[in-house]
Amino acid sequence: MAQTNSSGQGTNGVADESPNMIVYRKMEEVIARMQDEKNGIPIRTVKSFLTKIPSVFSGSEIVQWLIKNLDIEDPVEALHLGTLMAAHGYFFPISDHVLTLKDDGTFYRFQSLCLSPSAVYLCKRTMQNKARLELADYEAESLARLQRAFARKWEFIFMQAEAQAKVDKKRDKIERKILDSQERAFWDVHRPVSVYGLQNDIRTHSPTHTPAPEAKQPTEEELQHQITFWQLQLDRHRLKMSKVAESLVGYTEQYFEYDPFLTPPDPSNPWISDDTTLWELEASKEPGQQRVKRWAFGIDEVLKDPVGREQFLKFLESEFSSENLRFWLAVQEVKKRPIREVPTRVQEIWQEFLAPGAPSAINVDSKSYGKTTQNIKDPGRYAFEDAQEHIYKLMKSDSYSRFIRSSAYQELLQAKKKVQTRKSID
Amino acid sequence: SCDFAAFTFGQKYMRSPLSPEMATQEVPLNETLAHLKTESETLKLKLEEERAKLHDVELHQVAEKVEGLGQFVMKTRRTLKGHGNKVLCMDWCKDKRRIVSSSQDGKVIVWDAFTTNKEHAVTMPCTWVMACAYAPSGCAVACGGLDNKCSVYPLSLDKNENLAAKKKSVAMHTNYLSACSFTNSDMQILTSSGDGTCALWDVESGQLLQSFHGHAADVLCLDLAPSETGNTFVSGGCDKKANVWDMRSGQCIQSFETHESDINSVRYYPSGDAFASGSDDATCRLYDLRADREVAIYSKESIIFGVSSVDFSLSGRLLFGGYNDYTINVWDVLKGTRVSILFGHENRVSTLRVSPDGTAFCTGSWDHTLRVWILMC
């Protein structure tokens, strides 16, 4: 269980943050890098007609910087990320209300940090329901700092507005220009309907991402439970990574030809060709060669394909040894029934397969038989679990291998080939 | 106003009952608690050490011998328009062409995605229908959300019949329903909830068959193991944990905690030996059950928005992730690299599922639409 101490830090050392804050923090880290004097985007004053445009950079400079510094190959991807940042208000076009990024010479300006989304988000949270929202200490500190900065900034703007022609008019004018544009952009972001799909109205946020209160301290019982759990986990048998990796690689390689995204299906992918023949073929009782080949990958492949099951059963019946499979199928069926029907069904299965003198008697080890006899007295969905497991292992090593080696299976494997050859001649 | 009320009432954490002993024996119990805490933490660290000991190679190293994937062509082949608000969830029918989808305004729609026709529509009495699922028979759908319930609607062939009349309330939680799934039968439903639990229900009677406790916060997602014999499922939550459960006993049999934020989606690798997760920490991860550890992370410096949903292609070679920055990233599961990025949706991708035969995948988005995509190598 995650243990959190009072400063809101998880035991892995990463501060517990709400999902929104995580994204804002990451974007703000990128913005901070963009504003870095040495490696950031060069911010300059541009001369335009009779005025100067202070503190700007161009859209293509943003895109280029993202490509270079975030290891992005595709300009489209860089443009998309930049547009999202603009939609959040981290920088804005100085001559437009539309918060989007263009990969050209259009000029942009950075938003003031005290008007950043994280600041706004924290403010909004405290505004909603003060009693319920308990901010973690570090968040409360952060918010207080930002609120003070907020207050100072607005104060500053008001002061600027009130101040008449005073000392250093030029500098005042530039500062005012910058602040005015930042203020305007701020309100552009926080309009009810934003441009790039962003919705800043807190009520449209998903109810699953409400801010988390402090975790309760675990009780003695809970801790004991945890300890038992860790001990059980420690006793578990684990495989080496090398073995596991080989298995994962092996599986994907084996199924490569069955994956429609990697190997085009035969005759065609219905979504691409608008032709549903593939689905019709799969629904028919005639299994194609590729499908039959798959049954040899493992017993589960036969059991999960209805045609495979049918063929397997047919083969076993021809050998008069179908009771194991029939038992296994019956137990699977019981687990699918409503709970009301279970006791009757369990009795029926017991009578057919396990009771003394059962017509389709199966051979189960004495331990499982004993357990099952007990379970029958209070029959639930898992009454035959041990017996079923035993029978499954038996089928896997015995009946299934015989089926795959059988002439019946081999014929099915070859049959479709003949049909296909005929088709190609026609 | 309904969603605002639910917003203020929703509790992120389950309250554990106050132990009667705590009030009377203060000092000795605090010492015992501290001692137990230390013991628990020590064991947890020991487990991490044991898991790390078997880490003799990385998956992508072993995968070097595998041929690289070529360039992909990806297209939207169908766009389903009809929801009037954010699409939150979708599921495929076993017939490989029908889907059910649910949205923020309470609408649940059943489509034949192949023809784009809407076949059924029902309006739930609540907003934020975050979960929906198709029954294996194709004859019913289940859904739920801020009503804290999971309800089953039998699908009638008579288009004029009022679906809402036949509605059956199955699951009852004490907080929002985040996900639901039928087991391999129309008769049982597995649910996960903001109340921190998962539960298995008998559809006919509404009886609770088994409940699963262990998450320390909202459970956001679940997925059933694709085994013919197994009785396990995996769940992910706001406590950053992915838990594997035994459906029969209700016990948590394995637990993984490496994500740095909420886990929004979990999905089994097709063999059932591993599962992938997608989180608000902007990464997808692969956990192997036999190695008992995280075996791969799928992330990039330029991907900073959270993952809402993940699913595998049929062979398990490709992992698709739907992201909150409106994109879909396609990952090479073995080599750990991103093979493609898809643009198309105009708002966050909230749900993503590969079709039952792997011929296409469908995404749902906050831009009110669903899209069916194909991939060609």
# chains A, B, ... in the order shown; residues from 1 in each chain; ligands from 1
>>> residues_around(residues="segment 123-126 of chain B", least_positions_apart="6", cutoff="9 Å", atoms="only C-alpha atoms", output="list in words")
Cys2, Asp3, Gln104, Asp105, Gly106, Lys107, Val108, Ile109, Cys143, Gly144, Gly145, Leu146, Asp147 and Ala164 of chain B
>>> write_last_selection(atoms="N, CA, C and O atoms", output="PDB file, in the first residue's frame")
ATOM      1  N   CYS B   2     -26.735  18.331 -11.774  1.00  0.00           N
ATOM      2  CA  CYS B   2     -26.499  16.966 -11.267  1.00  0.00           C
ATOM      3  C   CYS B   2     -25.017  16.668 -11.183  1.00  0.00           C
ATOM      4  O   CYS B   2     -24.551  16.166 -10.186  1.00  0.00           O
ATOM      5  N   ASP B   3     -24.275  16.996 -12.241  1.00  0.00           N
ATOM      6  CA  ASP B   3     -22.863  16.621 -12.216  1.00  0.00           C
ATOM      7  C   ASP B   3     -22.089  17.459 -11.206  1.00  0.00           C
ATOM      8  O   ASP B   3     -21.134  16.991 -10.614  1.00  0.00           O
ATOM      9  N   GLN B 104     -21.078  11.630 -21.821  1.00  0.00           N
ATOM     10  CA  GLN B 104     -21.255  12.468 -20.639  1.00  0.00           C
ATOM     11  C   GLN B 104     -22.716  12.869 -20.427  1.00  0.00           C
ATOM     12  O   GLN B 104     -23.144  13.099 -19.306  1.00  0.00           O
ATOM     13  N   ASP B 105     -23.483  12.963 -21.517  1.00  0.00           N
ATOM     14  CA  ASP B 105     -24.867  13.436 -21.355  1.00  0.00           C
ATOM     15  C   ASP B 105     -25.839  12.303 -21.045  1.00  0.00           C
ATOM     16  O   ASP B 105     -27.036  12.485 -21.092  1.00  0.00           O
ATOM     17  N   GLY B 106     -25.316  11.105 -20.778  1.00  0.00           N
ATOM     18  CA  GLY B 106     -26.193  10.006 -20.376  1.00  0.00           C
ATOM     19  C   GLY B 106     -26.643   9.101 -21.502  1.00  0.00           C
ATOM     20  O   GLY B 106     -27.338   8.115 -21.288  1.00  0.00           O
ATOM     21  N   LYS B 107     -26.248   9.423 -22.730  1.00  0.00           N
ATOM     22  CA  LYS B 107     -26.679   8.616 -23.873  1.00  0.00           C
ATOM     23  C   LYS B 107     -25.801   7.378 -24.043  1.00  0.00           C
ATOM     24  O   LYS B 107     -24.584   7.441 -23.965  1.00  0.00           O
ATOM     25  N   VAL B 108     -26.477   6.248 -24.311  1.00  0.00           N
ATOM     26  CA  VAL B 108     -25.782   5.005 -24.646  1.00  0.00           C
ATOM     27  C   VAL B 108     -26.295   4.594 -26.022  1.00  0.00           C
ATOM     28  O   VAL B 108     -27.507   4.477 -26.226  1.00  0.00           O
ATOM     29  N   ILE B 109     -25.389   4.430 -26.967  1.00  0.00           N
ATOM     30  CA  ILE B 109     -25.799   4.113 -28.343  1.00  0.00           C
ATOM     31  C   ILE B 109     -25.160   2.806 -28.804  1.00  0.00           C
ATOM     32  O   ILE B 109     -23.984   2.557 -28.540  1.00  0.00           O
ATOM     33  N   CYS B 143     -24.156  -0.735 -18.647  1.00  0.00           N
ATOM     34  CA  CYS B 143     -23.572   0.601 -18.540  1.00  0.00           C
ATOM     35  C   CYS B 143     -23.831   1.194 -17.169  1.00  0.00           C
ATOM     36  O   CYS B 143     -24.707   0.742 -16.430  1.00  0.00           O
ATOM     37  N   GLY B 144     -23.054   2.226 -16.857  1.00  0.00           N
ATOM     38  CA  GLY B 144     -23.222   2.897 -15.569  1.00  0.00           C
ATOM     39  C   GLY B 144     -22.224   4.030 -15.440  1.00  0.00           C
ATOM     40  O   GLY B 144     -21.339   4.180 -16.264  1.00  0.00           O
ATOM     41  N   GLY B 145     -22.364   4.817 -14.368  1.00  0.00           N
ATOM     42  CA  GLY B 145     -21.461   5.950 -14.175  1.00  0.00           C
ATOM     43  C   GLY B 145     -21.731   6.623 -12.862  1.00  0.00           C
ATOM     44  O   GLY B 145     -21.590   6.010 -11.802  1.00  0.00           O
ATOM     45  N   LEU B 146     -22.159   7.891 -12.924  1.00  0.00           N
ATOM     46  CA  LEU B 146     -22.384   8.651 -11.698  1.00  0.00           C
ATOM     47  C   LEU B 146     -23.590   8.173 -10.893  1.00  0.00           C
ATOM     48  O   LEU B 146     -23.820   8.645  -9.785  1.00  0.00           O
ATOM     49  N   ASP B 147     -24.345   7.245 -11.448  1.00  0.00           N
ATOM     50  CA  ASP B 147     -25.474   6.697 -10.679  1.00  0.00           C
ATOM     51  C   ASP B 147     -24.996   5.618  -9.714  1.00  0.00           C
ATOM     52  O   ASP B 147     -25.797   5.026  -8.995  1.00  0.00           O
ATOM     53  N   ALA B 164     -35.434   1.347 -22.320  1.00  0.00           N
ATOM     54  CA  ALA B 164     -35.364   1.734 -20.913  1.00  0.00           C
ATOM     55  C   ALA B 164     -36.339   0.940 -20.051  1.00  0.00           C
ATOM     56  O   ALA B 164     -36.102   0.724 -18.868  1.00  0.00           O
TER      57      ALA B 164
END
>>> residues_around(residues="Lys393 of chain A", least_positions_apart="5", cutoff="12 Å", atoms="only C-alpha atoms", output="list in words")
Ile299, Asp300, Asn324, Leu325, Trp328, Val364, Asp365, Asp386, Ala387, Gln388, Asp398, Ser399, Tyr400 and Ser401 of chain A; Thr229 of chain B
>>> write_last_selection(atoms="N, CA and C atoms", output="short mmCIF file (atom, residue, chain, number, x, y, z; two decimals), in the first residue's frame")
data_model
loop_
_atom_site.label_atom_id
_atom_site.label_comp_id
_atom_site.auth_asym_id
_atom_site.auth_seq_id
_atom_site.Cartn_x
_atom_site.Cartn_y
_atom_site.Cartn_z
N ILE A 299 -3.61 -26.25 -26.42
CA ILE A 299 -4.97 -26.76 -26.19
C ILE A 299 -5.99 -25.63 -26.06
N ASP A 300 -5.59 -24.48 -25.54
CA ASP A 300 -6.52 -23.34 -25.39
C ASP A 300 -7.07 -22.89 -26.73
N ASN A 324 -13.85 -36.97 -20.70
CA ASN A 324 -13.05 -35.90 -20.08
C ASN A 324 -13.42 -34.53 -20.64
N LEU A 325 -13.45 -34.44 -21.98
CA LEU A 325 -13.79 -33.17 -22.61
C LEU A 325 -15.23 -32.77 -22.28
N TRP A 328 -15.29 -31.36 -18.83
CA TRP A 328 -14.69 -30.02 -18.81
C TRP A 328 -15.65 -28.99 -19.38
N VAL A 364 -10.31 -39.17 -11.79
CA VAL A 364 -9.75 -38.01 -11.10
C VAL A 364 -8.91 -38.51 -9.94
N ASP A 365 -7.83 -37.80 -9.59
CA ASP A 365 -6.97 -38.22 -8.48
C ASP A 365 -7.77 -38.19 -7.17
N ASP A 386 -11.17 -28.24 -8.60
CA ASP A 386 -9.98 -29.11 -8.52
C ASP A 386 -10.04 -30.23 -9.55
N ALA A 387 -11.22 -30.85 -9.67
CA ALA A 387 -11.40 -31.93 -10.64
C ALA A 387 -11.17 -31.40 -12.06
N GLN A 388 -11.68 -30.20 -12.34
CA GLN A 388 -11.56 -29.63 -13.68
C GLN A 388 -10.09 -29.36 -14.02
N ASP A 398 -2.51 -35.74 -22.84
CA ASP A 398 -2.91 -36.99 -23.49
C ASP A 398 -3.82 -36.78 -24.70
N SER A 399 -5.10 -36.54 -24.48
CA SER A 399 -6.08 -36.45 -25.58
C SER A 399 -5.70 -35.42 -26.63
N TYR A 400 -5.24 -34.24 -26.19
CA TYR A 400 -4.94 -33.15 -27.13
C TYR A 400 -3.80 -33.52 -28.06
N SER A 401 -2.72 -34.09 -27.49
CA SER A 401 -1.58 -34.46 -28.34
C SER A 401 -2.00 -35.51 -29.36
N THR B 229 -9.22 -21.27 -18.86
CA THR B 229 -9.31 -21.93 -17.56
C THR B 229 -9.19 -20.97 -16.39
#
>>> atom_distance(atom1="atom CA of Ser118 of chain A", atom2="atom CA of Ala185 of chain A")
15.8 Å
>>> residues_around(residues="segment 88-93 of chain B", least_positions_apart="6", cutoff="6 Å", atoms="only C-alpha atoms", output="ChimeraX atom specification")
/B:99-103,130-131,133-134,138,350-351
>>> residues_around(residues="segment 337-342 of chain A", least_positions_apart="2", cutoff="10 Å", atoms="only C-alpha atoms", output="PDB file with C-alpha atoms, in the first residue's frame")
ATOM      1  CA  GLN A 332     -17.436 -24.372 -18.001  1.00  0.00           C
ATOM      2  CA  GLU A 333     -21.129 -24.155 -18.778  1.00  0.00           C
ATOM      3  CA  VAL A 334     -22.150 -24.252 -15.109  1.00  0.00           C
ATOM      4  CA  LYS A 335     -19.959 -21.219 -14.396  1.00  0.00           C
ATOM      5  CA  THR A 344     -29.222 -28.416  -9.897  1.00  0.00           C
ATOM      6  CA  ARG A 345     -26.600 -28.346 -12.636  1.00  0.00           C
ATOM      7  CA  VAL A 346     -23.856 -29.348 -10.216  1.00  0.00           C
ATOM      8  CA  GLN A 347     -25.859 -32.384  -9.133  1.00  0.00           C
ATOM      9  CA  GLU A 348     -26.465 -33.354 -12.751  1.00  0.00           C
ATOM     10  CA  PRO A 379     -22.753 -26.808  -4.302  1.00  0.00           C
ATOM     11  CA  GLY A 380     -21.349 -23.551  -5.660  1.00  0.00           C
ATOM     12  CA  ARG A 381     -19.975 -22.431  -9.054  1.00  0.00           C
ATOM     13  CA  TYR A 382     -16.516 -23.700  -8.167  1.00  0.00           C
ATOM     14  CA  ALA A 383     -17.559 -27.125  -6.847  1.00  0.00           C
TER      15      ALA A 383
ATOM     16  CA  SER B 185     -21.177 -15.233 -20.038  1.00  0.00           C
ATOM     17  CA  ASP B 186     -24.184 -12.894 -20.148  1.00  0.00           C
ATOM     18  CA  MET B 187     -24.899 -13.955 -16.585  1.00  0.00           C
ATOM     19  CA  GLN B 188     -22.039 -12.329 -14.688  1.00  0.00           C
ATOM     20  CA  TRP B 201     -22.380  -9.841  -9.782  1.00  0.00           C
ATOM     21  CA  ASP B 202     -25.017 -12.361 -10.857  1.00  0.00           C
ATOM     22  CA  VAL B 203     -27.010 -10.542 -13.535  1.00  0.00           C
ATOM     23  CA  GLU B 204     -30.312 -12.363 -13.085  1.00  0.00           C
ATOM     24  CA  SER B 205     -30.643 -11.806  -9.352  1.00  0.00           C
ATOM     25  CA  GLY B 206     -28.358  -8.809  -8.831  1.00  0.00           C
ATOM     26  CA  GLN B 207     -26.608 -10.826  -6.133  1.00  0.00           C
ATOM     27  CA  LEU B 209     -20.971 -13.035  -5.866  1.00  0.00           C
TER      28      LEU B 209
END
>>> select_by_dssp(residues="segment 115-268 of chain B", states="strand (DSSP E)", output="PyMOL selection string")
chain B and resi 117-123+131-134+140-144+149-154+168-172+177-182+188-193+197-202+208-213+219-224+232-237+242-246+252-256+263-268
>>> closest_residue(among="B:Thr363, B:Asn347, B:Thr32, B:Gln210", to="Asn85 of chain B", atoms="only C-alpha atoms")
B:Asn347
>>> closest_residue(among="B:Asp292, B:Asp311, B:Glu228, B:Asp281", to="Tyr24 of chain A", atoms="only C-alpha atoms")
B:Asp281
>>> residues_around(residues="Trp111 of chain B", least_positions_apart="6", cutoff="6 Å", atoms="only C-alpha atoms", output="NGL selection string")
:B and (98-99 or 117-119)
>>> residues_around(residues="Pro270 of chain B", least_positions_apart="6", cutoff="7 Å", atoms="only C-alpha atoms", output="PDB file with N, CA, C and O atoms, in the first residue's frame")
ATOM      1  N   PRO B 226      -7.489 -13.506 -20.541  1.00  0.00           N
ATOM      2  CA  PRO B 226      -8.035 -14.193 -21.709  1.00  0.00           C
ATOM      3  C   PRO B 226      -7.823 -15.701 -21.674  1.00  0.00           C
ATOM      4  O   PRO B 226      -7.549 -16.300 -22.682  1.00  0.00           O
ATOM      5  N   LEU B 314      -3.691  -8.111 -32.204  1.00  0.00           N
ATOM      6  CA  LEU B 314      -3.968  -9.526 -31.950  1.00  0.00           C
ATOM      7  C   LEU B 314      -2.742 -10.338 -31.536  1.00  0.00           C
ATOM      8  O   LEU B 314      -2.823 -11.229 -30.697  1.00  0.00           O
ATOM      9  N   SER B 315      -1.584 -10.051 -32.146  1.00  0.00           N
ATOM     10  CA  SER B 315      -0.379 -10.825 -31.842  1.00  0.00           C
ATOM     11  C   SER B 315       0.345 -10.301 -30.603  1.00  0.00           C
ATOM     12  O   SER B 315       1.268 -10.927 -30.107  1.00  0.00           O
ATOM     13  N   GLY B 316      -0.063  -9.133 -30.140  1.00  0.00           N
ATOM     14  CA  GLY B 316       0.617  -8.531 -28.994  1.00  0.00           C
ATOM     15  C   GLY B 316       1.841  -7.729 -29.379  1.00  0.00           C
ATOM     16  O   GLY B 316       2.530  -7.178 -28.529  1.00  0.00           O
TER      17      GLY B 316
END
>>> closest_residue(among="A:Thr100, A:Ser95, A:Ser322, A:Gln224", to="chain B", atoms="only C-alpha atoms")
A:Gln224
>>> residues_around(residues="segment 234-246 of chain B", least_positions_apart="4", cutoff="7 Å", atoms="only C-alpha atoms", output="VMD selection string")
(chain A and resid 2) or (chain B and resid 215 to 224 250 to 257 259 to 266)
>>> write_last_selection(atoms="N, CA and C atoms", output="PDB file, in the first residue's frame")
ATOM      1  N   ALA A   2       0.418   2.270  -0.696  1.00  0.00           N
ATOM      2  CA  ALA A   2       1.201   3.503  -0.783  1.00  0.00           C
ATOM      3  C   ALA A   2       1.170   4.213   0.563  1.00  0.00           C
TER       4      ALA A   2
ATOM      5  N   HIS B 215      -7.452  -1.924  -3.143  1.00  0.00           N
ATOM      6  CA  HIS B 215      -7.018  -0.623  -3.643  1.00  0.00           C
ATOM      7  C   HIS B 215      -7.245   0.415  -2.557  1.00  0.00           C
ATOM      8  N   ALA B 216      -6.333   1.377  -2.477  1.00  0.00           N
ATOM      9  CA  ALA B 216      -6.429   2.415  -1.444  1.00  0.00           C
ATOM     10  C   ALA B 216      -7.136   3.657  -1.955  1.00  0.00           C
ATOM     11  N   ALA B 217      -7.646   3.611  -3.188  1.00  0.00           N
ATOM     12  CA  ALA B 217      -8.321   4.774  -3.764  1.00  0.00           C
ATOM     13  C   ALA B 217      -9.220   4.280  -4.895  1.00  0.00           C
ATOM     14  N   ASP B 218      -9.812   5.217  -5.640  1.00  0.00           N
ATOM     15  CA  ASP B 218     -10.718   4.854  -6.745  1.00  0.00           C
ATOM     16  C   ASP B 218     -10.072   3.814  -7.652  1.00  0.00           C
ATOM     17  N   VAL B 219     -10.864   2.819  -8.072  1.00  0.00           N
ATOM     18  CA  VAL B 219     -10.419   1.882  -9.090  1.00  0.00           C
ATOM     19  C   VAL B 219     -10.958   2.402 -10.404  1.00  0.00           C
ATOM     20  N   LEU B 220     -10.102   2.563 -11.405  1.00  0.00           N
ATOM     21  CA  LEU B 220     -10.524   3.205 -12.649  1.00  0.00           C
ATOM     22  C   LEU B 220     -10.732   2.255 -13.817  1.00  0.00           C
ATOM     23  N   CYS B 221     -10.163   1.040 -13.731  1.00  0.00           N
ATOM     24  CA  CYS B 221     -10.230   0.170 -14.908  1.00  0.00           C
ATOM     25  C   CYS B 221     -10.043  -1.280 -14.508  1.00  0.00           C
ATOM     26  N   LEU B 222     -10.460  -2.170 -15.409  1.00  0.00           N
ATOM     27  CA  LEU B 222     -10.227  -3.594 -15.176  1.00  0.00           C
ATOM     28  C   LEU B 222     -10.175  -4.330 -16.500  1.00  0.00           C
ATOM     29  N   ASP B 223      -9.600  -5.535 -16.484  1.00  0.00           N
ATOM     30  CA  ASP B 223      -9.613  -6.373 -17.676  1.00  0.00           C
ATOM     31  C   ASP B 223      -9.553  -7.838 -17.250  1.00  0.00           C
ATOM     32  N   LEU B 224     -10.346  -8.674 -17.890  1.00  0.00           N
ATOM     33  CA  LEU B 224     -10.385 -10.102 -17.570  1.00  0.00           C
ATOM     34  C   LEU B 224      -9.276 -10.830 -18.309  1.00  0.00           C
ATOM     35  N   GLY B 250     -11.432 -13.926  -4.140  1.00  0.00           N
ATOM     36  CA  GLY B 250     -11.507 -12.507  -3.832  1.00  0.00           C
ATOM     37  C   GLY B 250     -10.173 -11.930  -3.395  1.00  0.00           C
ATOM     38  N   GLN B 251      -9.123 -12.750  -3.405  1.00  0.00           N
ATOM     39  CA  GLN B 251      -7.811 -12.295  -2.949  1.00  0.00           C
ATOM     40  C   GLN B 251      -7.019 -11.618  -4.057  1.00  0.00           C
ATOM     41  N   CYS B 252      -6.186 -10.664  -3.640  1.00  0.00           N
ATOM     42  CA  CYS B 252      -5.247 -10.049  -4.561  1.00  0.00           C
ATOM     43  C   CYS B 252      -4.040 -10.965  -4.616  1.00  0.00           C
ATOM     44  N   ILE B 253      -3.698 -11.473  -5.801  1.00  0.00           N
ATOM     45  CA  ILE B 253      -2.610 -12.433  -5.878  1.00  0.00           C
ATOM     46  C   ILE B 253      -1.282 -11.819  -6.321  1.00  0.00           C
ATOM     47  N   GLN B 254      -1.337 -10.643  -6.956  1.00  0.00           N
ATOM     48  CA  GLN B 254      -0.103  -9.966  -7.341  1.00  0.00           C
ATOM     49  C   GLN B 254      -0.388  -8.471  -7.397  1.00  0.00           C
ATOM     50  N   SER B 255       0.622  -7.662  -7.101  1.00  0.00           N
ATOM     51  CA  SER B 255       0.415  -6.222  -7.118  1.00  0.00           C
ATOM     52  C   SER B 255       1.640  -5.519  -7.689  1.00  0.00           C
ATOM     53  N   PHE B 256       1.436  -4.487  -8.479  1.00  0.00           N
ATOM     54  CA  PHE B 256       2.532  -3.765  -9.108  1.00  0.00           C
ATOM     55  C   PHE B 256       2.336  -2.275  -8.885  1.00  0.00           C
ATOM     56  N   GLU B 257       3.392  -1.609  -8.441  1.00  0.00           N
ATOM     57  CA  GLU B 257       3.275  -0.168  -8.169  1.00  0.00           C
ATOM     58  C   GLU B 257       4.493   0.568  -8.691  1.00  0.00           C
ATOM     59  N   HIS B 259       3.922   3.057 -11.495  1.00  0.00           N
ATOM     60  CA  HIS B 259       3.451   4.286 -12.138  1.00  0.00           C
ATOM     61  C   HIS B 259       3.551   5.454 -11.172  1.00  0.00           C
ATOM     62  N   GLU B 260       3.621   6.664 -11.722  1.00  0.00           N
ATOM     63  CA  GLU B 260       3.738   7.853 -10.875  1.00  0.00           C
ATOM     64  C   GLU B 260       2.419   8.605 -10.735  1.00  0.00           C
ATOM     65  N   SER B 261       1.372   8.056 -11.331  1.00  0.00           N
ATOM     66  CA  SER B 261       0.069   8.707 -11.196  1.00  0.00           C
ATOM     67  C   SER B 261      -1.039   7.681 -11.462  1.00  0.00           C
ATOM     68  N   ASP B 262      -2.278   8.158 -11.467  1.00  0.00           N
ATOM     69  CA  ASP B 262      -3.448   7.286 -11.673  1.00  0.00           C
ATOM     70  C   ASP B 262      -3.276   6.371 -12.881  1.00  0.00           C
ATOM     71  N   ILE B 263      -3.713   5.112 -12.718  1.00  0.00           N
ATOM     72  CA  ILE B 263      -3.727   4.175 -13.835  1.00  0.00           C
ATOM     73  C   ILE B 263      -5.127   4.202 -14.437  1.00  0.00           C
ATOM     74  N   ASN B 264      -5.238   4.675 -15.674  1.00  0.00           N
ATOM     75  CA  ASN B 264      -6.545   4.842 -16.300  1.00  0.00           C
ATOM     76  C   ASN B 264      -7.019   3.624 -17.074  1.00  0.00           C
ATOM     77  N   SER B 265      -6.076   2.766 -17.462  1.00  0.00           N
ATOM     78  CA  SER B 265      -6.453   1.647 -18.320  1.00  0.00           C
ATOM     79  C   SER B 265      -5.504   0.478 -18.117  1.00  0.00           C
ATOM     80  N   VAL B 266      -6.049  -0.740 -18.089  1.00  0.00           N
ATOM     81  CA  VAL B 266      -5.222  -1.943 -18.049  1.00  0.00           C
ATOM     82  C   VAL B 266      -5.753  -2.915 -19.097  1.00  0.00           C
TER      83      VAL B 266
END
>>> closest_residue(among="A:Leu278, A:Ala361, A:Leu394, A:Ile349", to="chain B", atoms="only C-alpha atoms")
A:Leu278
